[in-house]
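*Asks:* I'm passing along run.pdb; it holds PDB, C-alpha atoms.
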ATOM      1  CA  ASP A   1       9.918 -12.891  32.556
ATOM      2  CA  LYS A   2      10.978 -10.681  35.416
ATOM      3  CA  ASP A   3       9.262  -7.470  36.426
ATOM      4  CA  GLY A   4       7.511  -7.267  33.073
ATOM      5  CA  GLU A   5      10.758  -7.597  31.064
ATOM      6  CA  ARG A   6      11.995 -10.251  28.649
ATOM      7  CA  GLU A   7      15.443 -10.937  27.210
ATOM      8  CA  VAL A   8      15.260 -10.683  23.414
ATOM      9  CA  LEU A   9      17.546 -10.174  20.397
ATOM     10  CA  ILE A  10      16.783  -7.122  18.244
ATOM     11  CA  PRO A  11      18.752  -5.277  15.511
ATOM     12  CA  ILE A  12      20.489  -2.010  16.368
ATOM     13  CA  PHE A  13      18.232  -0.097  13.934
ATOM     14  CA  SER A  14      15.123  -1.209  15.834
ATOM     15  CA  PRO A  15      13.136   1.731  17.317
ATOM     16  CA  LEU A  16      12.928  -0.238  20.535
ATOM     17  CA  ARG A  17      16.659   0.328  21.133
ATOM     18  CA  THR A  18      17.192   3.474  23.220
ATOM     19  CA  GLY A  19      20.930   3.857  22.609
ATOM     20  CA  GLY A  20      23.971   2.772  24.571
ATOM     21  CA  GLY A  21      25.392   4.025  27.824
ATOM     22  CA  GLY A  22      24.014   4.172  31.297
ATOM     23  CA  GLY A  23      23.425   7.185  33.540
ATOM     24  CA  GLY A  24      20.331   9.348  33.482
ATOM     25  CA  GLY A  25      20.275  10.034  29.727
ATOM     26  CA  GLY A  26      17.331   7.707  29.116
ATOM     27  CA  SER A  27      14.784   9.971  30.783
ATOM     28  CA  ALA A  28      16.001  13.014  28.848
ATOM     29  CA  ASP A  29      15.837  11.064  25.571
ATOM     30  CA  LYS A  30      12.237  10.091  26.279
ATOM     31  CA  LYS A  31      11.279  13.713  26.974
ATOM     32  CA  THR A  32      12.942  14.846  23.753
ATOM     33  CA  THR A  33      11.196  12.121  21.760
ATOM     34  CA  LYS A  34       7.856  13.091  23.281
ATOM     35  CA  ALA A  35       8.398  16.748  22.400
ATOM     36  CA  ILE A  36       9.345  15.867  18.805
ATOM     37  CA  ARG A  37       6.225  13.735  18.418
ATOM     38  CA  LYS A  38       4.033  16.594  19.630
ATOM     39  CA  LEU A  39       5.604  18.957  17.092
ATOM     40  CA  GLN A  40       5.239  16.403  14.306
ATOM     41  CA  LYS A  41       1.571  15.936  15.203
ATOM     42  CA  LYS A  42       1.026  19.706  14.962
ATOM     43  CA  LEU A  43       2.704  19.757  11.556
ATOM     44  CA  ARG A  44       0.488  16.930  10.327
ATOM     45  CA  GLU A  45      -2.562  18.939  11.393
ATOM     46  CA  ILE A  46      -1.212  21.981   9.544
ATOM     47  CA  VAL A  47      -0.618  19.929   6.378
ATOM     48  CA  ALA A  48      -4.219  18.700   6.570
ATOM     49  CA  ILE A  49      -5.461  22.290   6.943
ATOM     50  CA  GLU A  50      -3.351  23.423   3.964
ATOM     51  CA  LYS A  51      -4.822  20.614   1.905
ATOM     52  CA  LYS A  52      -8.338  21.703   2.903
ATOM     53  CA  VAL A  53      -7.585  25.307   1.914
ATOM     54  CA  LYS A  54      -6.211  24.145  -1.436
ATOM     55  CA  GLU A  55      -9.290  22.061  -2.186
ATOM     56  CA  SER A  56     -12.093  24.182  -0.671
ATOM     57  CA  GLY A  57     -10.670  27.696  -0.261
ATOM     58  CA  GLU A  58      -9.594  29.714   2.766
ATOM     59  CA  GLU A  59     -13.205  30.397   3.797
ATOM     60  CA  SER A  60     -13.569  26.690   4.642
ATOM     61  CA  ILE A  61     -11.370  26.950   7.764
ATOM     62  CA  ASN A  62     -12.002  28.610  11.135
ATOM     63  CA  ASP A  63      -9.943  31.093  13.163
ATOM     64  CA  ASP A  64      -8.298  28.361  15.232
ATOM     65  CA  GLN A  65      -7.080  26.641  12.069
ATOM     66  CA  ARG A  66      -5.763  29.957  10.716
ATOM     67  CA  SER A  67      -3.767  30.400  13.919
ATOM     68  CA  LYS A  68      -2.244  26.962  13.430
ATOM     69  CA  LEU A  69      -1.192  27.908   9.895
ATOM     70  CA  LYS A  70       0.569  31.019  11.163
ATOM     71  CA  ALA A  71       2.501  28.951  13.720
ATOM     72  CA  LYS A  72       3.942  26.601  11.094
ATOM     73  CA  SER A  73       7.328  28.323  10.750
ATOM     74  CA  GLU A  74       7.816  28.474  14.533
ATOM     75  CA  ILE A  75       6.966  24.791  14.933
ATOM     76  CA  GLN A  76       9.313  23.868  12.095
ATOM     77  CA  THR A  77      12.123  25.865  13.704
ATOM     78  CA  GLN A  78      11.652  24.052  17.022
ATOM     79  CA  LEU A  79      11.572  20.675  15.284
ATOM     80  CA  ASN A  80      14.737  21.468  13.314
ATOM     81  CA  GLY A  81      16.443  22.405  16.571
ATOM     82  CA  PHE A  82      15.674  19.012  18.084
ATOM     83  CA  GLU A  83      16.819  17.207  14.943
ATOM     84  CA  ASN A  84      20.094  19.144  14.714
ATOM     85  CA  ALA A  85      20.839  18.330  18.336
ATOM     86  CA  SER A  86      20.056  14.634  17.882
ATOM     87  CA  SER A  87      22.271  14.434  14.774
ATOM     88  CA  GLN A  88      25.403  15.173  16.839
ATOM     89  CA  PRO A  89      27.169  11.852  17.626
ATOM     90  CA  SER A  90      27.561  10.967  21.266
ATOM     91  CA  PRO A  91      30.583   9.045  22.636
ATOM     92  CA  THR A  92      28.427   5.947  23.059
ATOM     93  CA  ASP A  93      27.582   5.982  19.353
ATOM     94  CA  LEU A  94      31.197   5.860  18.121
ATOM     95  CA  PRO A  95      32.375   2.362  19.169
ATOM     96  CA  ASN A  96      29.572   0.583  17.231
ATOM     97  CA  PRO A  97      29.712   1.692  13.567
ATOM     98  CA  ALA A  98      28.520  -1.604  12.077
ATOM     99  CA  PRO A  99      24.884  -2.786  12.404
ATOM    100  CA  LYS A 100      24.541  -6.049  14.277
ATOM    101  CA  SER A 101      22.169  -7.883  16.567
ATOM    102  CA  GLU A 102      22.856  -8.106  20.265
ATOM    103  CA  PRO A 103      20.872  -8.981  23.406
ATOM    104  CA  THR A 104      18.995  -6.216  25.163
ATOM    105  CA  SER A 105      16.334  -6.013  27.846
ATOM    106  CA  VAL A 106      13.073  -4.632  26.473
ATOM    107  CA  LYS A 107       9.862  -4.022  28.378
ATOM    108  CA  LEU A 108       6.864  -5.875  27.021
ATOM    109  CA  SER A 109       4.923  -2.600  27.027
ATOM    110  CA  GLU A 110       7.513  -1.163  24.608
ATOM    111  CA  LEU A 111       7.223  -4.232  22.411
ATOM    112  CA  HIS A 112       3.463  -3.769  22.347
ATOM    113  CA  LYS A 113       3.847  -0.106  21.428
ATOM    114  CA  ALA A 114       6.225  -0.899  18.572
ATOM    115  CA  GLY A 115       3.876  -3.641  17.440
ATOM    116  CA  ASN A 116       1.210  -1.007  16.783
ATOM    117  CA  ASN A 117       3.564   0.923  14.475
ATOM    118  CA  LYS A 118       2.602  -0.288  11.005
ATOM    119  CA  LEU A 119       5.740   1.018   9.318
ATOM    120  CA  VAL A 120       7.980  -0.733  11.843
ATOM    121  CA  LEU A 121       6.061  -3.971  11.248
ATOM    122  CA  ALA A 122       6.473  -3.531   7.493
ATOM    123  CA  ARG A 123      10.240  -3.070   7.792
ATOM    124  CA  GLU A 124      10.510  -6.102  10.059
ATOM    125  CA  TYR A 125       8.494  -8.105   7.530
ATOM    126  CA  LEU A 126      10.794  -6.999   4.698
ATOM    127  CA  SER A 127      13.862  -8.021   6.694
ATOM    128  CA  LEU A 128      12.296 -11.468   7.132
ATOM    129  CA  VAL A 129      11.524 -11.959   3.445
ATOM    130  CA  ARG A 130      15.127 -11.071   2.631
ATOM    131  CA  SER A 131      16.174 -14.033   4.791
ATOM    132  CA  TYR A 132      13.264 -16.251   3.695
ATOM    133  CA  PRO A 133      12.485 -15.231   0.074
ATOM    134  CA  THR A 134       8.974 -15.441  -1.327
ATOM    135  CA  LYS A 135       7.207 -14.124  -4.417
ATOM    136  CA  ILE A 136       7.294 -10.347  -4.816
ATOM    137  CA  ARG A 137       3.524 -10.310  -5.356
ATOM    138  CA  SER A 138       3.147 -11.748  -1.850
ATOM    139  CA  VAL A 139       5.544  -9.139  -0.433
ATOM    140  CA  VAL A 140       3.593  -6.326  -2.086
ATOM    141  CA  PHE A 141       0.284  -7.813  -0.945
ATOM    142  CA  HIS A 142       1.230  -8.056   2.746
ATOM    143  CA  THR A 143       3.089  -4.730   2.851
ATOM    144  CA  ARG A 144       0.103  -2.983   1.321
ATOM    145  CA  ARG A 145      -2.271  -4.617   3.782
ATOM    146  CA  MET A 146      -0.162  -3.511   6.753
ATOM    147  CA  CYS A 147       0.191   0.114   5.639
ATOM    148  CA  THR A 148      -2.859   0.828   3.467
ATOM    149  CA  ASP A 149      -3.993   3.920   5.396
ATOM    150  CA  LEU A 150      -0.584   5.601   5.316
ATOM    151  CA  LEU A 151       0.092   4.633   1.698
ATOM    152  CA  GLU A 152      -3.228   6.166   0.664
ATOM    153  CA  GLN A 153      -2.682   9.283   2.805
ATOM    154  CA  TYR A 154       0.680  10.008   1.156
ATOM    155  CA  GLN A 155      -0.363   8.833  -2.337
ATOM    156  CA  LEU A 156       2.108   5.927  -2.364
ATOM    157  CA  LEU A 157      -0.305   3.013  -2.797
ATOM    158  CA  GLU A 158       0.073   2.679  -6.574
ATOM    159  CA  GLU A 159       3.848   3.014  -6.255
ATOM    160  CA  CYS A 160       3.859   0.177  -3.735
ATOM    161  CA  ILE A 161       1.720  -2.057  -5.965
ATOM    162  CA  ALA A 162       3.995  -1.332  -8.947
ATOM    163  CA  SER A 163       7.129  -2.433  -7.049
ATOM    164  CA  THR A 164       8.980  -5.368  -8.588
ATOM    165  CA  THR A 165      11.706  -5.903  -5.952
ATOM    166  CA  ILE A 166      12.000  -5.858  -2.164
ATOM    167  CA  ASP A 167      14.281  -2.822  -2.460
ATOM    168  CA  GLU A 168      11.551  -0.901  -4.274
ATOM    169  CA  VAL A 169       8.962  -1.833  -1.638
ATOM    170  CA  GLU A 170      11.358  -0.770   1.126
ATOM    171  CA  ALA A 171      12.001   2.539  -0.648
ATOM    172  CA  VAL A 172       8.254   3.230  -0.584
ATOM    173  CA  ILE A 173       8.092   2.441   3.154
ATOM    174  CA  LEU A 174      11.086   4.689   3.865
ATOM    175  CA  LYS A 175       9.472   7.495   1.872
ATOM    176  CA  CYS A 176       6.294   7.016   3.899
ATOM    177  CA  GLU A 177       8.296   7.180   7.146
ATOM    178  CA  ARG A 178       9.908  10.410   5.991
ATOM    179  CA  TYR A 179       6.514  11.982   5.329
ATOM    180  CA  VAL A 180       5.270  10.877   8.762
ATOM    181  CA  GLN A 181       8.320  12.417  10.445
ATOM    182  CA  HIS A 182       8.389  15.509   8.197
ATOM    183  CA  PRO A 183       4.821  16.079   6.982
ATOM    184  CA  GLU A 184       5.767  19.471   5.551
ATOM    185  CA  GLN A 185       7.757  17.638   2.840
ATOM    186  CA  PHE A 186       4.618  15.986   1.439
ATOM    187  CA  ARG A 187       2.920  17.768  -1.442
ATOM    188  CA  TYR A 188      -0.561  16.646  -2.396
ATOM    189  CA  ASP A 189      -0.705  15.840  -6.132
ATOM    190  CA  GLN A 190      -4.185  16.613  -7.455
ATOM    191  CA  GLN A 191      -3.539  15.028 -10.857
ATOM    192  CA  LYS A 192      -2.277  11.850  -9.243
ATOM    193  CA  ALA A 193      -5.330  11.814  -6.970
ATOM    194  CA  SER A 194      -7.582  12.151 -10.035
ATOM    195  CA  ARG A 195      -5.868   9.206 -11.734
ATOM    196  CA  GLU A 196      -6.211   7.072  -8.602
ATOM    197  CA  LYS A 197      -9.873   8.090  -8.254
ATOM    198  CA  GLU A 198     -10.560   7.049 -11.846
ATOM    199  CA  ALA A 199      -8.737   3.741 -11.292
ATOM    200  CA  LEU A 200     -10.851   3.091  -8.187
ATOM    201  CA  ALA A 201     -14.038   3.939 -10.094
ATOM    202  CA  HIS A 202     -12.950   1.531 -12.834
ATOM    203  CA  ARG A 203     -12.410  -1.283 -10.333
ATOM    204  CA  ARG A 204     -15.825  -0.661  -8.791
ATOM    205  CA  ARG A 205     -17.495  -0.753 -12.204
ATOM    206  CA  GLU A 206     -15.833  -4.079 -12.906
ATOM    207  CA  GLU A 207     -16.893  -5.436  -9.511
ATOM    208  CA  GLY A 208     -20.501  -4.415 -10.186
ATOM    209  CA  LYS A 209     -20.351  -5.958 -13.655
ATOM    210  CA  ARG A 210     -19.016  -9.169 -12.178
ATOM    211  CA  LYS A 211     -21.778  -9.406  -9.572
ATOM    212  CA  THR A 212     -24.420  -8.903 -12.256
ATOM    213  CA  TYR A 213     -22.872 -11.634 -14.381
ATOM    214  CA  GLU A 214     -22.636 -14.051 -11.433
ATOM    215  CA  GLY A 215     -26.293 -13.531 -10.567
ATOM    216  CA  ARG A 216     -27.357 -14.163 -14.162
ATOM    217  CA  MET A 217     -25.273 -17.354 -14.468
ATOM    218  CA  MET A 218     -26.504 -18.735 -11.119
ATOM    219  CA  ARG A 219     -30.123 -18.135 -12.145
ATOM    220  CA  LYS A 220     -29.432 -19.946 -15.424
ATOM    221  CA  ALA A 221     -27.964 -22.959 -13.568
ATOM    222  CA  LYS A 222     -30.988 -22.983 -11.250
ATOM    223  CA  ARG A 223     -33.449 -22.905 -14.168
ATOM    224  CA  GLU A 224     -31.672 -25.867 -15.733
ATOM    225  CA  GLY A 225     -31.851 -27.812 -12.472
ATOM    226  CA  LEU A 226     -28.084 -28.073 -11.976
ATOM    227  CA  ALA A 227     -26.945 -29.063  -8.483
ATOM    228  CA  ASP A 228     -23.842 -26.863  -8.819
ATOM    229  CA  LEU A 229     -25.163 -23.315  -9.123
ATOM    230  CA  GLU A 230     -21.636 -22.067  -9.878
ATOM    231  CA  HIS A 231     -21.245 -24.371 -12.891
ATOM    232  CA  TYR A 232     -21.257 -21.589 -15.482
ATOM    233  CA  LEU A 233     -19.075 -19.364 -13.310
ATOM    234  CA  ARG A 234     -16.200 -21.799 -13.700
ATOM    235  CA  ILE A 235     -16.279 -21.669 -17.488
ATOM    236  CA  GLY A 236     -13.922 -19.104 -19.030
ATOM    237  CA  ALA A 237     -13.150 -17.409 -15.707
ATOM    238  CA  GLU A 238      -9.361 -17.667 -15.950
ATOM    239  CA  VAL A 239      -7.665 -14.242 -16.153
ATOM    240  CA  PRO A 240      -5.133 -14.291 -19.022
ATOM    241  CA  THR A 241      -1.484 -13.660 -18.203
ATOM    242  CA  VAL A 242       0.754 -11.186 -20.008
ATOM    243  CA  GLU A 243       2.537 -14.096 -21.674
ATOM    244  CA  ILE A 244      -0.745 -15.634 -22.895
ATOM    245  CA  VAL A 245      -1.885 -12.298 -24.328
ATOM    246  CA  ARG A 246       1.440 -11.999 -26.154
ATOM    247  CA  GLU A 247       1.075 -15.522 -27.601
ATOM    248  CA  LEU A 248      -2.529 -15.007 -28.692
ATOM    249  CA  LYS A 249      -1.735 -11.734 -30.458
ATOM    250  CA  ALA A 250       0.762 -13.640 -32.611
ATOM    251  CA  ALA A 251      -1.516 -16.671 -33.173
ATOM    252  CA  PRO A 252      -3.812 -17.184 -36.208
ATOM    253  CA  LYS A 253      -7.325 -15.774 -35.818
ATOM    254  CA  GLU A 254      -9.067 -19.165 -35.558
ATOM    255  CA  GLU A 255      -6.673 -20.487 -32.910
ATOM    256  CA  ARG A 256      -6.883 -17.221 -30.980
ATOM    257  CA  LEU A 257     -10.692 -17.314 -30.855
ATOM    258  CA  ALA A 258     -10.824 -21.027 -29.893
ATOM    259  CA  ARG A 259      -8.379 -20.632 -27.007
ATOM    260  CA  TRP A 260     -10.094 -17.505 -25.761
ATOM    261  CA  LYS A 261     -13.536 -19.154 -25.715
ATOM    262  CA  LYS A 262     -12.178 -22.185 -23.889
ATOM    263  CA  TYR A 263     -10.257 -20.437 -21.096
ATOM    264  CA  HIS A 264     -11.145 -16.722 -20.973
ATOM    265  CA  SER A 265     -14.673 -16.352 -22.373
ATOM    266  CA  GLN A 266     -15.840 -14.190 -19.449
ATOM    267  CA  HIS A 267     -13.209 -11.589 -20.351
ATOM    268  CA  CYS A 268     -13.260  -9.073 -23.193
ATOM    269  CA  MET A 269     -11.008 -10.307 -26.012
ATOM    270  CA  GLY A 270     -10.898  -6.880 -27.637
ATOM    271  CA  TYR A 271      -9.700  -5.297 -24.400
ATOM    272  CA  HIS A 272      -6.646  -7.565 -24.385
ATOM    273  CA  LEU A 273      -5.929  -8.324 -28.049
ATOM    274  CA  GLU A 274      -7.118  -5.431 -30.220
ATOM    275  CA  ASP A 275      -5.019  -2.346 -30.882
ATOM    276  CA  GLY A 276      -6.423   0.472 -28.783
ATOM    277  CA  GLY A 277      -8.392  -1.938 -26.604
ATOM    278  CA  CYS A 278     -12.142  -2.423 -26.439
ATOM    279  CA  LYS A 279     -14.101   0.171 -28.410
ATOM    280  CA  ARG A 280     -17.216  -0.288 -26.238
ATOM    281  CA  ASP A 281     -15.362   0.598 -23.028
ATOM    282  CA  ARG A 282     -17.900   1.038 -20.169
ATOM    283  CA  THR A 283     -20.786  -0.351 -22.235
ATOM    284  CA  CYS A 284     -18.993  -3.684 -22.792
ATOM    285  CA  ALA A 285     -20.725  -6.674 -21.175
ATOM    286  CA  PHE A 286     -17.455  -8.584 -20.684
ATOM    287  CA  LEU A 287     -14.870  -8.135 -17.951
ATOM    288  CA  HIS A 288     -12.064  -5.616 -18.410
ATOM    289  CA  VAL A 289      -9.383  -6.976 -16.074
ATOM    290  CA  GLU A 290      -5.660  -6.330 -16.494
ATOM    291  CA  ALA A 291      -3.638  -9.350 -17.617
ATOM    292  CA  LYS A 292      -1.750 -10.957 -14.750
ATOM    293  CA  ASP A 293       2.021 -10.951 -14.484
ATOM    294  CA  ALA A 294       4.458 -11.737 -11.658
ATOM    295  CA  ASN A 295       3.324  -8.677  -9.726
ATOM    296  CA  LYS A 296      -0.429  -8.537 -10.405
ATOM    297  CA  PHE A 297      -2.988 -10.055  -8.092
ATOM    298  CA  VAL A 298      -6.617  -9.807  -7.139
ATOM    299  CA  GLU A 299      -7.939  -9.524  -3.605
ATOM    300  CA  ASP A 300      -8.942 -13.174  -3.266
ATOM    301  CA  ASP A 301      -5.681 -14.538  -4.695
ATOM    302  CA  GLU A 302      -4.083 -17.143  -2.493
ATOM    303  CA  VAL A 303      -0.640 -15.815  -1.609
ATOM    304  CA  ALA A 304       2.296 -17.322   0.232
ATOM    305  CA  GLY A 305       2.841 -16.421   3.877
TER     306      GLY A 305
END
The structure in this file should be written as structure tokens.

*Replies:*
Amino acid sequence: DKDGEREVLIPIFSPLRTGGGGGGGGSADKKTTKAIRKLQKKLREIVAIEKKVKESGEESINDDQRSKLKAKSEIQTQLNGFENASSQPSPTDLPNPAPKSEPTSVKLSELHKAGNNKLVLAREYLSLVRSYPTKIRSVVFHTRRMCTDLLEQYQLLEECIASTTIDEVEAVILKCERYVQHPEQFRYDQQKASREKEALAHRRREEGKRKTYEGRMMRKAKREGLADLEHYLRIGAEVPTVEIVRELKAAPKEERLARWKKYHSQHCMGYHLEDGGCKRDRTCAFLHVEAKDANKFVEDDEVAG
């Protein structure tokens, strides 16, 4: 290290790279970037105000917030001006059309700042898993953990979880970046929010049902004097996979029931095997958990990486 700097190798697309060329352009670029960030922050505030008006009515906002709404077009015009200017290629951009990695001197403070950018971390993680492949469920798990707040804010969490390839996960991250940079492009989907709210309520009901069951089984083991209080919790706890559900649907009734009791007795057989699912729905005493496939996981799953 020398004067707080370290020699490192980073890709050209990295946000830490400030562009080629010497001279005094670096200071001007920093000022422009700072101005753009201020405008983007104002737009994010305006989007939040618009969302509040949509949900609670115009009477729910104050005069200061109304003034911010009126300034939206002016702010957008200023931001577009900066973006149009930055889209013009400079002479230093032309000699390097192909992405590659090359040495550059980066201040540790800038590395720290980039390290706090969750979307940058997610893209770096995705570039690593392209070089060192792992299961897609692990990729989805870690990407979601890094960017949960932003994915929820822009209603992209379910889309991320549903991804089946690295390209699909990266597309979600890029969409999230676009909304952060251009918040006016995001449109809050009330129907989607309602579906996600119902899904969350469903998960919470299942969690509560599980805790009740665990308490009952541990009390039973204690009454019987078992040293292992979790004895009954290990019986029939295995979540069926999509392939197992498919096999059991085609199996004879006796075989289906025997296998279900042996491996999945804590789970609702009707929910997985009957047409239309469980008829008891929320009143059912068994667990209603989606069958696992290559991309499904629960919070306490052990994942690679």

*Asks:* Taking the file as shown, what set of residues would the PyMOL selection byres ((chain A and resi 290) around 9) give back, as JSON, numbers by chain?

*Replies:* {"A": [239, 240, 241, 242, 271, 272, 288, 289, 291, 292, 296]}

*Asks:* Find the distance between CA of Val139 in chain A and CA of Val169 in chain A and write it in Å to one decimal.

*Replies:*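 Going from CA of Val139 in chain A over to CA of Val169 in chain A covers 8.2 Å.
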
*Asks:* Quick one: of A:Lys261, A:Gly208, A:Val180, A:Val245, who's nearest to Glu274 in chain A, counting all atoms listed in the file?

*Replies:* A:Val245

*Asks:* Taking (3.5, 14.8, 18.0) in the file's coordinates, which residues come within 12 Å, counting only C-alpha atoms, written as a PyMOL selection string?

*Replies:* chain A and resi 31-45+75+79+180-183

*Asks:* What's the 12 Å shell around Ile244 in chain A, counting all atoms listed in the file, without same-chain residues fewer than 6 positions away, as a VMD selection string?

*Replies:* chain A and resid 238 250 to 251 256 259 to 260 263 to 264 269 272 to 273 291 to 293

*Asks:* Just to confirm, what's the straight-line distance from CA of Gln155 in chain A to CA of Phe141 in chain A in Å (one decimal)?

*Replies:*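 CA of Gln155 in chain A sits 16.7 Å away from CA of Phe141 in chain A.
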
*Asks:* Please compute the CA of Arg130 in chain A-CA of Lys175 in chain A distance, one decimal, in Å.

*Replies:*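 CA of Arg130 in chain A sits 19.4 Å away from CA of Lys175 in chain A.
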
*Asks:* Could you tell me which residues the PyMOL selection byres ((chain A and resi 48-58) around 10) grabs in this file, written as a list in words?

*Replies:* Lys42, Leu43, Arg44, Glu45, Ile46, Val47, Glu59, Ser60, Ile61, Asn62, Gln65, Arg66, Lys68, Leu69, Pro183, Arg187, Tyr188 and Gln190 of chain A

*Asks:* Report as AutoDock Vina command-line options the centre and the edge lengths, in Å to one decimal, of the axis-aligned box holding every listed atom of range 149-167 of chain A, padded by 8 Å on each side.

*Replies:*
--center_x 5.1 --center_y 2.1 --center_z -1.8 --size_x 34.3 --size_y 31.9 --size_z 30.3

*Asks:* Got a sec to resolve the PyMOL selection byres ((chain A and resi 122) around 10) on this structure and send the residues as a ChimeraX atom specification?

*Replies:* /A:117-121,123-128,139,142-147,169-170,173

*Asks:* Create the file for the chosen residues now, containing C-alpha atoms and written as a short mmCIF file (atom, residue, chain, number, x, y, z; two decimals), in the frame of the given file.

*Replies:*
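And here's out-v4.cif as it stands now:
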data_model
loop_
_atom_site.label_atom_id
_atom_site.label_comp_id
_atom_site.auth_asym_id
_atom_site.auth_seq_id
_atom_site.Cartn_x
_atom_site.Cartn_y
_atom_site.Cartn_z
CA ASN A 117 3.56 0.92 14.48
CA LYS A 118 2.60 -0.29 11.00
CA LEU A 119 5.74 1.02 9.32
CA VAL A 120 7.98 -0.73 11.84
CA LEU A 121 6.06 -3.97 11.25
CA ARG A 123 10.24 -3.07 7.79
CA GLU A 124 10.51 -6.10 10.06
CA TYR A 125 8.49 -8.10 7.53
CA LEU A 126 10.79 -7.00 4.70
CA SER A 127 13.86 -8.02 6.69
CA LEU A 128 12.30 -11.47 7.13
CA VAL A 139 5.54 -9.14 -0.43
CA HIS A 142 1.23 -8.06 2.75
CA THR A 143 3.09 -4.73 2.85
CA ARG A 144 0.10 -2.98 1.32
CA ARG A 145 -2.27 -4.62 3.78
CA MET A 146 -0.16 -3.51 6.75
CA CYS A 147 0.19 0.11 5.64
CA VAL A 169 8.96 -1.83 -1.64
CA GLU A 170 11.36 -0.77 1.13
CA ILE A 173 8.09 2.44 3.15
#

*Asks:* Taking 3 positions as the minimum chain separation for residues in the same chain, which residues sit within 9 Å of Ser163 in chain A when counting only C-alpha atoms? Answer as a list in words.

*Replies:* Ile136, Arg137, Val140, Glu158, Glu159, Cys160, Ile166, Asp167, Glu168, Val169, Val172 and Asn295 of chain A

*Asks:* May I have the residues from that selection written out with C-alpha atoms, as an mmCIF file, keeping the file's coordinate frame?

*Replies:*
data_model
loop_
_atom_site.group_PDB
_atom_site.id
_atom_site.type_symbol
_atom_site.label_atom_id
_atom_site.label_comp_id
_atom_site.auth_asym_id
_atom_site.auth_seq_id
_atom_site.Cartn_x
_atom_site.Cartn_y
_atom_site.Cartn_z
ATOM 1 C CA ILE A 136 7.294 -10.347 -4.816
ATOM 2 C CA ARG A 137 3.524 -10.310 -5.356
ATOM 3 C CA VAL A 140 3.593 -6.326 -2.086
ATOM 4 C CA GLU A 158 0.073 2.679 -6.574
ATOM 5 C CA GLU A 159 3.848 3.014 -6.255
ATOM 6 C CA CYS A 160 3.859 0.177 -3.735
ATOM 7 C CA ILE A 166 12.000 -5.858 -2.164
ATOM 8 C CA ASP A 167 14.281 -2.822 -2.460
ATOM 9 C CA GLU A 168 11.551 -0.901 -4.274
ATOM 10 C CA VAL A 169 8.962 -1.833 -1.638
ATOM 11 C CA VAL A 172 8.254 3.230 -0.584
ATOM 12 C CA ASN A 295 3.324 -8.677 -9.726
#

*Asks:* I'd like the contact shell of Phe286 in chain A - 12 Å cut-off, only C-alpha atoms, skipping same-chain residues fewer than 3 positions apart - returned as a list in words.

*Replies:*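 The contact residues come out as Arg205, Glu206, Glu207, Gly208, Lys209, Arg210, Lys211, Thr212, Tyr213, Glu214, Gly236, Ala237, His264, Ser265, Gln266, His267, Cys268, Met269, Gly270, Tyr271, His272, Cys278, Arg280, Asp281, Arg282, Thr283 and Val289 of chain A.
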
*Asks:* Hey, could you patch up range 161-172 of chain A with N, CA and C atoms and hand it over as a compact mmCIF listing (two decimals), in the frame of the given file?

*Replies:*
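Full text of result-v7.txt as output:
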# COMPACT_ATOMS: atom_id res chain seq x y z
N ILE A 161 2.24 -0.96 -5.16
CA ILE A 161 1.72 -2.06 -5.96
C ILE A 161 2.58 -2.29 -7.20
N ALA A 162 3.17 -1.22 -7.73
CA ALA A 162 4.00 -1.33 -8.95
C ALA A 162 5.40 -1.84 -8.66
N SER A 163 5.78 -2.00 -7.40
CA SER A 163 7.13 -2.43 -7.05
C SER A 163 7.40 -3.85 -7.57
N THR A 164 8.61 -4.06 -8.04
CA THR A 164 8.98 -5.37 -8.59
C THR A 164 10.10 -6.03 -7.81
N THR A 165 10.66 -5.33 -6.80
CA THR A 165 11.71 -5.90 -5.95
C THR A 165 11.47 -5.49 -4.50
N ILE A 166 12.11 -6.20 -3.59
CA ILE A 166 12.00 -5.86 -2.16
C ILE A 166 12.58 -4.47 -1.92
N ASP A 167 13.67 -4.14 -2.63
CA ASP A 167 14.28 -2.82 -2.46
C ASP A 167 13.30 -1.71 -2.82
N GLU A 168 12.52 -1.92 -3.87
CA GLU A 168 11.55 -0.90 -4.27
C GLU A 168 10.44 -0.76 -3.24
N VAL A 169 9.99 -1.89 -2.69
CA VAL A 169 8.96 -1.83 -1.64
C VAL A 169 9.51 -1.10 -0.42
N GLU A 170 10.74 -1.42 -0.04
CA GLU A 170 11.36 -0.77 1.13
C GLU A 170 11.53 0.73 0.90
N ALA A 171 11.86 1.12 -0.33
CA ALA A 171 12.00 2.54 -0.65
C ALA A 171 10.68 3.27 -0.44
N VAL A 172 9.57 2.63 -0.79
CA VAL A 172 8.25 3.23 -0.58
C VAL A 172 7.98 3.40 0.91
